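Peer 1: Got a file for you: my_file.cif, mmCIF, C-alpha atoms.
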```cif
data_final
#
loop_
_atom_site.label_atom_id
_atom_site.label_comp_id
_atom_site.auth_asym_id
_atom_site.auth_seq_id
_atom_site.Cartn_x
_atom_site.Cartn_y
_atom_site.Cartn_z
CA MET A 65 -67.10 -0.34 62.43
CA THR A 66 -67.58 -3.96 61.48
CA GLY A 67 -64.98 -6.66 62.20
CA CYS A 68 -64.13 -6.98 58.52
CA ALA A 69 -63.50 -3.26 58.21
CA ARG A 70 -61.38 -3.27 61.36
CA ARG A 71 -59.24 -6.11 59.92
CA SER A 72 -58.70 -4.16 56.64
CA VAL A 73 -57.55 -1.05 58.49
CA VAL A 74 -55.18 -3.06 60.68
CA GLY A 75 -53.81 -4.93 57.64
CA ALA A 76 -53.14 -1.72 55.78
CA PHE A 77 -51.45 -0.22 58.83
CA ILE A 78 -49.19 -3.28 59.21
CA LEU A 79 -48.32 -3.34 55.45
CA GLY A 80 -47.40 0.35 55.57
CA ALA A 81 -45.19 -0.24 58.60
CA TRP A 82 -43.44 -3.13 56.88
CA LEU A 83 -42.80 -0.99 53.78
CA LEU A 84 -41.31 1.81 55.89
CA ALA A 85 -39.13 -0.69 57.74
CA GLY A 86 -37.93 -2.28 54.47
CA VAL A 87 -39.33 -5.65 55.43
CA VAL A 88 -41.41 -5.97 52.24
CA PRO A 89 -39.34 -5.63 49.03
CA ALA A 90 -40.12 -2.58 46.97
CA ALA A 91 -40.96 -4.82 43.99
CA SER A 92 -44.04 -6.05 45.87
CA ALA A 93 -45.49 -2.57 45.69
CA GLN A 94 -46.66 -0.81 42.57
CA SER A 95 -43.42 0.58 41.07
CA ALA A 96 -43.38 3.88 39.24
CA ASP A 97 -40.60 2.57 36.98
CA THR A 98 -42.52 -0.12 35.11
CA PRO A 99 -41.79 -0.94 31.42
CA VAL A 100 -44.88 1.08 30.47
CA ASP A 101 -43.64 4.12 32.42
CA GLN A 102 -40.13 3.79 30.97
CA VAL A 103 -41.45 3.71 27.40
CA ILE A 104 -43.65 6.74 28.11
CA ALA A 105 -40.58 8.55 29.46
CA LEU A 106 -38.67 7.71 26.27
CA GLU A 107 -41.56 9.00 24.17
CA LYS A 108 -41.69 12.29 26.08
CA SER A 109 -37.93 12.76 25.56
CA GLY A 110 -38.54 13.16 21.84
CA LEU A 111 -36.73 10.01 20.67
CA SER A 112 -37.78 8.44 17.38
CA ASP A 113 -39.75 5.20 17.22
CA ASP A 114 -36.70 3.32 15.91
CA LEU A 115 -34.58 4.35 18.89
CA ILE A 116 -37.37 3.53 21.36
CA ILE A 117 -37.78 0.06 19.80
CA ARG A 118 -34.02 -0.50 20.13
CA ALA A 119 -34.23 0.49 23.81
CA ILE A 120 -37.13 -1.95 24.33
CA ALA A 121 -35.04 -4.80 22.89
CA ARG A 122 -31.90 -3.84 24.81
CA ASP A 123 -33.54 -3.27 28.23
CA LYS A 124 -36.16 -6.03 27.76
CA LEU A 125 -39.14 -3.72 28.25
CA HIS A 126 -41.55 -6.33 26.95
CA GLY A 127 -44.70 -7.59 28.60
CA ASP A 128 -48.23 -8.90 28.21
CA LEU A 129 -49.95 -5.53 28.08
CA GLY A 130 -53.48 -5.26 29.29
CA THR A 131 -56.17 -2.87 28.06
CA SER A 132 -55.32 -0.24 30.69
CA ASP A 133 -51.60 -0.40 29.79
CA MET A 134 -52.30 0.10 26.09
CA LEU A 135 -54.66 3.02 26.81
CA LYS A 136 -52.03 4.59 29.05
CA LEU A 137 -49.38 4.26 26.34
CA LYS A 138 -51.67 5.57 23.60
CA ASN A 139 -52.77 8.58 25.68
CA ALA A 140 -49.10 9.39 26.22
CA GLY A 141 -48.56 9.55 22.42
CA VAL A 142 -46.76 6.22 21.99
CA SER A 143 -47.20 4.86 18.45
CA ASP A 144 -48.73 1.53 17.53
CA ARG A 145 -45.31 0.33 16.28
CA VAL A 146 -43.77 0.81 19.70
CA ILE A 147 -46.74 -0.79 21.52
CA THR A 148 -46.54 -3.78 19.17
CA ALA A 149 -42.79 -4.11 19.83
CA MET A 150 -43.49 -4.25 23.58
CA MET A 151 -46.15 -6.95 23.15
CA GLU A 152 -44.17 -9.14 20.74
CA GLY A 153 -41.36 -9.79 23.20
CA PRO A 154 -37.72 -10.56 22.39
CA PRO A 155 -37.04 -12.51 19.19
CA ALA A 156 -36.72 -16.26 19.63
CA PRO A 157 -33.13 -17.53 19.43
CA ALA A 158 -32.24 -18.82 15.99
CA ALA A 159 -32.04 -22.57 15.61
CA SER A 160 -28.50 -23.83 15.60
CA ALA A 161 -27.28 -24.92 12.21
CA ALA A 162 -24.19 -26.60 10.92
CA PRO A 163 -21.43 -24.06 10.56
CA MET A 164 -20.88 -22.88 7.02
CA PRO A 165 -17.40 -23.38 5.63
CA VAL A 166 -15.41 -20.20 5.91
CA ALA A 167 -13.09 -19.23 3.12
CA ALA A 168 -9.53 -18.42 4.01
CA PRO A 169 -9.30 -14.73 4.85
CA VAL A 170 -7.79 -12.52 2.19
CA SER A 171 -5.48 -9.85 3.48
CA ALA A 172 -6.87 -6.41 2.82
CA VAL A 173 -3.45 -4.86 3.23
CA ASP A 174 -1.21 -4.46 0.22
CA PRO A 175 2.12 -5.91 1.47
CA ARG A 176 3.98 -3.59 -0.91
CA ALA A 177 2.35 -0.42 0.40
CA SER A 178 5.23 0.48 2.73
CA MET A 179 8.02 -0.57 0.36
CA ARG A 180 10.27 2.11 -1.11
CA ARG A 181 10.10 2.63 -4.88
CA ALA A 182 13.16 2.80 -7.15
CA ALA A 183 13.75 3.54 -10.83
CA ILE A 184 16.85 2.22 -12.60
CA ASP A 185 18.42 4.39 -15.26
CA GLU A 186 20.32 2.90 -18.19
CA PHE A 187 24.03 2.80 -17.43
CA ASP A 188 26.33 4.94 -19.55
CA TRP A 189 29.00 2.91 -21.36
CA ALA A 190 30.66 5.50 -23.61
CA THR A 191 34.07 5.07 -21.96
CA VAL A 192 34.18 1.34 -22.77
CA SER A 193 32.66 1.41 -26.27
CA THR A 194 35.97 0.36 -27.89
CA SER A 195 36.25 -2.69 -25.64
CA VAL A 196 32.60 -3.59 -26.22
CA GLN A 197 33.03 -3.48 -29.99
CA ALA A 198 36.18 -5.60 -29.79
CA ILE A 199 34.41 -8.27 -27.71
CA PHE A 200 31.05 -8.43 -29.51
CA GLY A 201 32.24 -7.48 -32.97
CA THR A 202 29.77 -4.60 -33.05
CA ASN A 203 28.38 -1.87 -30.81
CA VAL A 204 26.14 -3.42 -28.17
CA ASP A 205 24.19 -1.35 -25.63
CA ILE A 206 25.53 -3.07 -22.54
CA GLY A 207 23.92 -0.36 -20.41
CA LYS A 208 20.47 -1.75 -21.24
CA GLY A 209 21.65 -5.31 -20.69
CA ILE A 210 23.04 -4.62 -17.22
CA ARG A 211 19.91 -2.65 -16.34
CA ALA A 212 17.74 -5.65 -17.31
CA LEU A 213 19.91 -8.01 -15.26
CA LEU A 214 19.80 -5.74 -12.21
CA THR A 215 16.01 -5.37 -12.54
CA LYS A 216 15.65 -9.15 -12.47
CA ARG A 217 17.85 -9.46 -9.38
CA LEU A 218 15.91 -6.81 -7.44
CA GLN A 219 12.54 -8.29 -8.42
CA GLU A 220 13.66 -11.69 -7.19
CA ALA A 221 14.70 -10.23 -3.83
CA GLY A 222 11.30 -8.50 -3.43
CA ARG A 223 12.46 -5.78 -1.03
CA ILE A 224 12.03 -2.81 -3.38
CA ARG A 225 9.21 -1.78 -5.70
CA LEU A 226 10.56 -1.00 -9.16
CA VAL A 227 8.89 1.54 -11.44
CA GLU A 228 9.47 1.79 -15.16
CA ARG A 229 11.01 4.95 -16.53
CA ALA A 230 12.92 3.93 -19.65
CA LYS A 231 9.72 3.16 -21.57
CA VAL A 232 7.12 5.08 -19.60
CA ASP A 233 5.91 6.66 -22.86
CA THR A 234 4.81 3.18 -23.98
CA VAL A 235 2.69 2.80 -20.84
CA MET A 236 1.08 6.20 -21.34
CA LYS A 237 0.31 5.48 -25.01
CA GLU A 238 -1.40 2.21 -24.03
CA GLN A 239 -3.53 4.04 -21.46
CA ASP A 240 -4.52 6.65 -24.04
CA PHE A 241 -5.31 3.92 -26.58
CA GLY A 242 -7.37 2.05 -23.99
CA ALA A 243 -9.41 5.19 -23.33
CA SER A 244 -10.39 5.39 -27.00
CA ASN A 245 -13.45 3.71 -28.50
CA ARG A 246 -11.25 1.37 -30.53
CA VAL A 247 -10.65 -0.99 -27.60
CA ARG A 248 -13.29 -3.36 -26.28
CA GLN A 249 -14.43 -2.21 -22.85
CA GLY A 250 -13.25 -4.45 -20.03
CA THR A 251 -10.01 -5.36 -21.82
CA ASN A 252 -8.54 -1.88 -22.01
CA ALA A 253 -5.87 -0.35 -19.78
CA ARG A 254 -7.50 2.25 -17.57
CA ILE A 255 -6.12 5.73 -17.20
CA GLY A 256 -4.18 5.68 -13.94
CA GLN A 257 -1.62 7.59 -11.96
CA ILE A 258 1.91 6.45 -12.70
CA LEU A 259 3.81 5.73 -9.51
CA GLY A 260 6.59 8.05 -8.51
CA ALA A 261 10.02 6.84 -7.42
CA ASP A 262 11.69 7.54 -4.09
CA VAL A 263 15.17 7.00 -5.47
CA TYR A 264 16.95 6.71 -8.84
CA LEU A 265 19.91 4.46 -9.55
CA MET A 266 22.37 5.92 -12.08
CA GLY A 267 25.80 4.78 -13.11
CA ASP A 268 28.67 4.57 -15.57
CA ILE A 269 30.41 1.43 -16.80
CA VAL A 270 34.10 2.29 -16.56
CA ALA A 271 35.65 -1.14 -17.21
CA PHE A 272 34.35 -3.91 -19.44
CA GLY A 273 36.62 -6.52 -20.93
CA ARG A 274 39.84 -8.20 -19.98
CA ASP A 275 42.30 -7.74 -17.19
CA ASP A 276 45.65 -8.67 -18.73
CA ARG A 277 47.67 -10.75 -16.32
CA ASP A 278 51.05 -11.33 -17.96
CA LYS A 279 52.41 -14.59 -16.53
CA ARG A 280 55.39 -14.76 -18.89
CA LEU A 281 58.89 -14.44 -17.50
CA SER A 282 61.48 -12.06 -18.86
CA LEU A 283 64.80 -13.67 -19.61
CA GLY A 284 66.37 -10.45 -18.45
CA ALA A 285 65.17 -11.24 -15.00
CA PHE A 286 67.59 -14.11 -14.82
CA GLY A 287 70.61 -12.05 -15.86
CA PHE A 288 70.41 -12.67 -19.58
CA GLY A 289 71.48 -9.53 -21.37
CA GLY A 290 71.97 -8.65 -24.97
CA PRO A 291 69.37 -9.21 -27.62
CA LEU A 292 67.49 -11.83 -25.54
CA GLY A 293 67.01 -9.53 -22.59
CA GLY A 294 63.61 -8.34 -23.86
CA VAL A 295 62.28 -11.78 -24.77
CA ARG A 296 59.44 -13.09 -22.60
CA ILE A 297 58.46 -16.71 -22.45
CA GLY A 298 55.46 -18.43 -20.99
CA LYS A 299 51.69 -17.94 -21.34
CA LYS A 300 49.60 -14.80 -21.24
CA GLU A 301 46.26 -15.23 -19.38
CA ASP A 302 43.27 -12.87 -19.34
CA LYS A 303 40.47 -12.52 -16.78
CA ALA A 304 37.24 -10.67 -17.49
CA VAL A 305 36.51 -7.62 -15.35
CA VAL A 306 33.54 -5.25 -15.15
CA THR A 307 33.47 -2.09 -13.02
CA ILE A 308 30.44 0.17 -12.52
CA ASN A 309 30.42 3.52 -10.76
CA TYR A 310 26.93 3.95 -9.27
CA ARG A 311 24.93 6.76 -7.64
CA LEU A 312 21.71 6.57 -5.61
CA VAL A 313 19.86 9.87 -6.09
CA ASP A 314 16.88 11.20 -4.12
CA ALA A 315 14.10 11.59 -6.70
CA GLU A 316 12.63 14.66 -5.00
CA THR A 317 15.70 16.68 -4.03
CA SER A 318 18.27 15.24 -6.53
CA GLU A 319 20.61 14.77 -3.56
CA VAL A 320 23.14 11.95 -3.97
CA ILE A 321 22.29 9.51 -1.16
CA ASP A 322 25.09 7.07 -1.81
CA SER A 323 27.81 6.45 -4.41
CA GLY A 324 30.54 3.95 -4.94
CA GLU A 325 32.11 1.38 -7.21
CA ALA A 326 31.00 -2.18 -7.83
CA SER A 327 33.40 -4.54 -9.58
CA GLY A 328 33.13 -8.08 -10.82
CA GLU A 329 35.82 -10.49 -11.95
CA SER A 330 35.55 -13.84 -13.66
CA LYS A 331 36.68 -16.93 -11.78
CA ARG A 332 38.04 -18.49 -14.95
CA LYS A 333 40.79 -17.30 -17.27
CA SER A 334 41.26 -17.16 -21.00
CA SER A 335 44.22 -17.13 -23.32
CA GLY A 336 42.58 -15.01 -25.99
CA LEU A 337 39.88 -12.49 -26.79
CA GLY A 338 37.60 -15.15 -28.22
CA GLY A 339 37.80 -17.08 -24.98
CA ILE A 340 37.07 -14.07 -22.85
CA PHE A 341 33.68 -13.80 -24.44
CA GLY A 342 32.89 -17.29 -25.66
CA TRP A 343 29.45 -16.10 -26.73
CA SER A 344 27.44 -18.27 -29.10
CA GLY A 345 24.09 -16.56 -28.76
CA GLY A 346 24.82 -13.74 -31.16
CA VAL A 347 23.75 -10.12 -31.05
CA VAL A 348 20.09 -9.35 -31.73
CA GLY A 349 18.94 -5.81 -32.39
CA GLY A 350 22.14 -4.35 -31.02
CA SER A 351 21.75 -6.04 -27.64
CA VAL A 352 22.67 -9.19 -25.77
CA ASP A 353 20.36 -10.96 -23.32
CA MET A 354 22.48 -10.76 -20.18
CA THR A 355 19.79 -12.57 -18.19
CA SER A 356 20.19 -15.76 -20.23
CA GLN A 357 22.04 -18.87 -19.10
CA ASN A 358 24.26 -18.80 -22.19
CA PHE A 359 25.62 -15.40 -21.27
CA ALA A 360 26.11 -16.41 -17.63
CA GLU A 361 28.34 -19.28 -18.72
CA THR A 362 30.87 -16.99 -20.41
CA ILE A 363 33.66 -15.44 -18.37
CA ILE A 364 32.54 -11.91 -19.29
CA GLY A 365 29.11 -13.00 -18.06
CA GLU A 366 30.64 -14.07 -14.74
CA ALA A 367 32.14 -10.63 -14.27
CA VAL A 368 28.94 -8.79 -15.24
CA ILE A 369 26.83 -10.89 -12.86
CA GLU A 370 29.23 -10.39 -9.94
CA ALA A 371 29.28 -6.59 -10.43
CA THR A 372 25.50 -6.46 -10.82
CA ASP A 373 24.90 -8.60 -7.75
CA ARG A 374 27.06 -6.26 -5.69
CA ILE A 375 24.88 -3.30 -6.69
CA ALA A 376 21.73 -5.32 -5.93
CA VAL A 377 23.02 -6.08 -2.43
CA ILE A 378 23.79 -2.40 -1.84
CA MET A 379 20.32 -1.32 -2.98
CA ASN A 380 18.55 -3.99 -0.92
CA GLU A 381 20.44 -2.77 2.15
CA LYS A 382 20.08 0.98 1.69
CA VAL A 383 16.81 1.70 -0.14
CA PRO A 384 14.36 -0.09 2.23
CA GLY A 385 15.82 1.87 5.15
CA LEU A 386 15.38 5.29 3.58
CA PRO A 387 13.33 7.65 5.80
CA ARG A 388 9.68 7.83 4.90
CA ARG A 389 8.64 10.98 3.11
CA GLU A 390 5.44 12.39 4.56
CA VAL A 391 3.11 13.33 1.72
CA ASP A 392 -0.15 15.27 1.65
CA ILE A 393 -3.05 13.12 0.53
CA GLU A 394 -6.51 14.40 -0.36
CA ALA A 395 -9.30 12.15 -1.61
CA ARG A 396 -13.06 11.78 -1.73
CA VAL A 397 -15.31 9.50 0.27
CA ALA A 398 -16.35 6.62 -1.99
CA ALA A 399 -18.68 4.83 0.45
CA ALA A 400 -19.83 5.14 4.04
CA SER A 401 -21.54 2.47 6.14
CA GLY A 402 -22.01 2.72 9.89
CA GLY A 403 -18.65 3.19 11.52
CA SER A 404 -16.61 2.57 8.37
CA ILE A 405 -15.80 4.59 5.26
CA THR A 406 -13.88 3.92 2.04
CA ILE A 407 -11.85 6.62 0.31
CA THR A 408 -10.61 7.04 -3.28
CA ALA A 409 -6.90 6.75 -2.47
CA GLY A 410 -4.76 3.71 -1.81
CA SER A 411 -1.20 2.45 -1.83
CA ASN A 412 -0.58 4.10 -5.21
CA GLN A 413 -1.03 7.47 -3.51
CA GLY A 414 1.00 6.53 -0.42
CA VAL A 415 -1.83 5.50 1.93
CA GLU A 416 -0.72 3.06 4.62
CA VAL A 417 -2.44 1.17 7.44
CA GLY A 418 -2.60 3.22 10.63
CA GLN A 419 -2.69 6.63 8.96
CA GLN A 420 -5.43 9.02 10.05
CA PHE A 421 -7.53 11.26 7.84
CA ASP A 422 -9.67 14.24 8.80
CA VAL A 423 -13.10 13.84 7.24
CA PHE A 424 -14.96 16.91 5.95
CA ARG A 425 -18.22 17.83 4.29
CA ILE A 426 -17.86 20.08 1.24
CA VAL A 427 -19.94 23.17 1.92
CA ALA A 428 -19.13 25.05 -1.28
CA GLU A 429 -16.74 24.85 -4.24
CA ILE A 430 -14.47 27.75 -5.10
CA LYS A 431 -14.26 27.92 -8.91
CA ASP A 432 -12.28 29.90 -11.44
CA PRO A 433 -14.73 32.50 -12.77
CA VAL A 434 -13.47 32.06 -16.34
CA THR A 435 -12.74 28.36 -16.78
CA GLY A 436 -15.08 27.00 -14.12
CA GLU A 437 -12.23 24.88 -12.73
CA VAL A 438 -12.61 23.97 -9.05
CA LEU A 439 -9.73 25.68 -7.26
CA ASP A 440 -10.57 24.79 -3.66
CA ASN A 441 -13.38 23.71 -1.35
CA GLU A 442 -15.01 25.29 1.66
CA VAL A 443 -15.38 22.49 4.18
CA GLU A 444 -16.52 21.72 7.70
CA GLN A 445 -14.95 18.90 9.69
CA LEU A 446 -17.13 15.94 10.60
CA GLY A 447 -14.79 13.37 12.13
CA VAL A 448 -11.67 11.24 11.84
CA MET A 449 -10.91 8.04 9.90
CA THR A 450 -8.17 5.55 10.84
CA VAL A 451 -7.02 3.36 7.93
CA SER A 452 -7.31 -0.38 8.55
CA SER A 453 -6.95 -1.84 5.05
CA VAL A 454 -5.30 -0.60 1.86
CA ARG A 455 -5.45 -1.62 -1.76
CA GLU A 456 -3.88 0.04 -4.79
CA ARG A 457 -6.64 2.59 -5.40
CA VAL A 458 -8.85 2.55 -2.30
CA ALA A 459 -8.50 2.39 1.47
CA THR A 460 -11.00 1.57 4.22
CA GLY A 461 -10.99 2.44 7.89
CA ALA A 462 -12.95 3.00 11.09
CA TYR A 463 -14.75 6.32 11.25
CA VAL A 464 -15.78 8.35 14.30
CA GLY A 465 -17.89 11.45 13.81
CA THR A 466 -21.00 12.89 12.23
CA PRO A 467 -22.45 10.75 9.40
CA VAL A 468 -20.94 11.52 6.01
CA THR A 469 -21.95 10.61 2.46
CA GLY A 470 -19.85 9.90 -0.59
CA LYS A 471 -21.52 12.73 -2.45
CA ASP A 472 -19.96 15.55 -0.45
CA GLY A 473 -17.31 13.79 1.69
CA LEU A 474 -13.68 14.86 1.49
CA VAL A 475 -10.67 13.52 3.43
CA ARG A 476 -7.22 14.94 4.07
CA ARG A 477 -4.36 13.09 5.67
CA ARG A 478 -3.29 14.12 9.15
CA LEU A 479 0.46 14.73 9.05
CA PRO A 480 2.48 13.96 12.20
#
```
Turn this file's structure into structure tokens for me.
Peer 2:
Amino acid sequence: MTGCARRSVVGAFILGAWLLAGVVPAASAQSADTPVDQVIALEKSGLSDDLIIRAIARDKLHGDLGTSDMLKLKNAGVSDRVITAMMEGPPAPAASAAPMPVAAPVSAVDPRASMRRAAIDEFDWATVSTSVQAIFGTNVDIGKGIRALLTKRLQEAGRIRLVERAKVDTVMKEQDFGASNRVRQGTNARIGQILGADVYLMGDIVAFGRDDRDKRLSLGAFGFGGPLGGVRIGKKEDKAVVTINYRLVDAETSEVIDSGEASGESKRKSSGLGGIFGWSGGVVGGSVDMTSQNFAETIIGEAVIEATDRIAVIMNEKVPGLPRREVDIEARVAAASGGSITITAGSNQGVEVGQQFDVFRIVAEIKDPVTGEVLDNEVEQLGVMTVSSVRERVATGAYVGTPVTGKDGLVRRRLP
């Protein structure tokens, strides 16, 4: 054996001893877990090219591949796309640019979504019709006037959502007219679901007019008898009073939630019927605008406003605190993107932030054999959506589960 050969054998022996002793780091030896080997392992696992390329970017399996590396990859079935991704290396960091101005964020949550809804009925005033006619000189529907004033007060407070019931037929007619071809598209009222009420306010006006306060003194009180004993001297003064008996009624069960009496009294007094009203605005169409300043300046207006404000305070205290009614909600998937989906139900249907929906795929429709109407759906569950933003007709939330499409996606609310 030559000297050179002896040196090679000794060197190999020493290197092997160092490796066994851990003196030489393992990285100095040919590792079996090179980027090429890792990509080949991913290929053999059956992953798609897109997933392998993502793994290359995440784990930084790039490198300057030589001819032998490329042949090894190709023989293992790795595609040209994947080999190219390994050779290109990680993308260069984007050049820093001046920050673009960011618009103020717009809340995706309807602040009214969790507010209770109330409908105000017109107050019955049959028991005070004689007084009303004496004051106004004609029959005036004071029930509508007080309802309008109370509506204004509750809207100003903003704690309750009010829904129209007195003229709901007008709303429906406008929707039907908007759906016809006689209205220019884009300006028409769309057919929509009219909101339901949680509670109704009903009532009767049981006092409306003057509260006679006789301030005159009877001469008989001072010991005068005879014909002068019944004579009264002094001044008769009247104050305006309005009393309303109210009832808060559960719209679903018709149960009376609360009832009571709200009264108002003028601060000023009058010496006659003309003074008790003092109205110069006149009566238009059988009604008086009780929301106007002119009416508020009369003493009957003072009494009406005080009684109405008392009812508004009661409603603002009681209605927002009513227990939430859990409702079933079913809707379709309108859009799906990554880990988020949008459904065809919003605050109008009772959807609120934080609610969860089971997400299904429609497997088959169960139809009426005669009419063809869809009666139910056969479904399989895919995942769960948690609502993060709500608008009137749609809601969006994070989704966890098997991918779903808007074509066959169905959601149902998870009830507590």
Peer 1: Would you work out the distance separating CA of Ala400 in chain A from CA of Val468 in chain A, expressed in Å to one decimal?
Peer 2: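 According to the coordinates, CA of Ala400 in chain A and CA of Val468 in chain A are separated by 6.8 Å.
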Peer 1: Between A:Ile206, A:Val320, A:Ile116, A:Leu213, which is the closest to Asp268 in chain A once you count only C-alpha atoms?
Peer 2: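 Going through A:Ile206, A:Val320, A:Ile116, A:Leu213 one by one, the smallest distance to Asp268 in chain A is for A:Ile206.
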Peer 1: Please, which residues are within 6 Å of (-16.0, 12.9, 15.6) by the file's coordinates, counting all atoms listed in the file, and could they come as number ranges by chain?
Peer 2: A: 446-448, 464-465
Peer 1: Spell out the residues picked by the PyMOL selection byres ((chain A and resi 205) around 10) here, as a CSV table (one decimal) with C-alpha atoms, in the frame of the given file.
Peer 2:
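File written: selection_26.csv
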```
chain,number,residue,atom,x,y,z
A,186,GLU,CA,20.3,2.9,-18.2
A,187,PHE,CA,24.0,2.8,-17.4
A,188,ASP,CA,26.3,4.9,-19.6
A,189,TRP,CA,29.0,2.9,-21.4
A,190,ALA,CA,30.7,5.5,-23.6
A,193,SER,CA,32.7,1.4,-26.3
A,196,VAL,CA,32.6,-3.6,-26.2
A,202,THR,CA,29.8,-4.6,-33.0
A,203,ASN,CA,28.4,-1.9,-30.8
A,204,VAL,CA,26.1,-3.4,-28.2
A,206,ILE,CA,25.5,-3.1,-22.5
A,207,GLY,CA,23.9,-0.4,-20.4
A,208,LYS,CA,20.5,-1.8,-21.2
A,209,GLY,CA,21.6,-5.3,-20.7
A,210,ILE,CA,23.0,-4.6,-17.2
A,349,GLY,CA,18.9,-5.8,-32.4
A,350,GLY,CA,22.1,-4.4,-31.0
A,351,SER,CA,21.8,-6.0,-27.6
A,352,VAL,CA,22.7,-9.2,-25.8
```
Peer 1: Care to translate the PyMOL selection byres ((chain A and resi 113) around 9) into actual residues of this file, as a list of chain:residue names?
Peer 2: A:Glu107, A:Leu111, A:Ser112, A:Asp114, A:Leu115, A:Ile116, A:Ile117, A:Arg118, A:Val142, A:Ser143, A:Arg145, A:Val146
Peer 1: Point out the residue among A:Gly130, A:Gly418, A:Gly403, A:Gly324 with the least atom-to-atom distance to Met266 in chain A, counting only C-alpha atoms.
Peer 2: A:Gly324
Peer 1: Please evaluate the PyMOL selection byres ((chain A and resi 181) around 7) against the structure above and give the resulting residues as a PDB file with C-alpha atoms, in the frame of the given file.
Peer 2:
```pdb
ATOM      1  CA  MET A 179       8.020  -0.570   0.360  1.00  0.00           C
ATOM      2  CA  ARG A 180      10.270   2.110  -1.110  1.00  0.00           C
ATOM      3  CA  ALA A 182      13.160   2.800  -7.150  1.00  0.00           C
ATOM      4  CA  ILE A 224      12.030  -2.810  -3.380  1.00  0.00           C
ATOM      5  CA  ARG A 225       9.210  -1.780  -5.700  1.00  0.00           C
ATOM      6  CA  LEU A 226      10.560  -1.000  -9.160  1.00  0.00           C
ATOM      7  CA  VAL A 227       8.890   1.540 -11.440  1.00  0.00           C
ATOM      8  CA  ALA A 261      10.020   6.840  -7.420  1.00  0.00           C
ATOM      9  CA  ASP A 262      11.690   7.540  -4.090  1.00  0.00           C
ATOM     10  CA  VAL A 263      15.170   7.000  -5.470  1.00  0.00           C
TER      11      VAL A 263
END
```
Peer 1: Pick out the closest residue to Val397 in chain A from this set: A:Val475, A:Thr355, A:Gly410, A:Phe272. Count only C-alpha atoms.
Peer 2: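 Going through A:Val475, A:Thr355, A:Gly410, A:Phe272 one by one, the smallest distance to Val397 in chain A is for A:Val475.
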Peer 1: Looking at all atoms listed in the file, which of A:Ile199, A:Ile321, A:Leu129, A:Ile369 is the one that sits closest to Glu152 in chain A?
Peer 2: A:Leu129
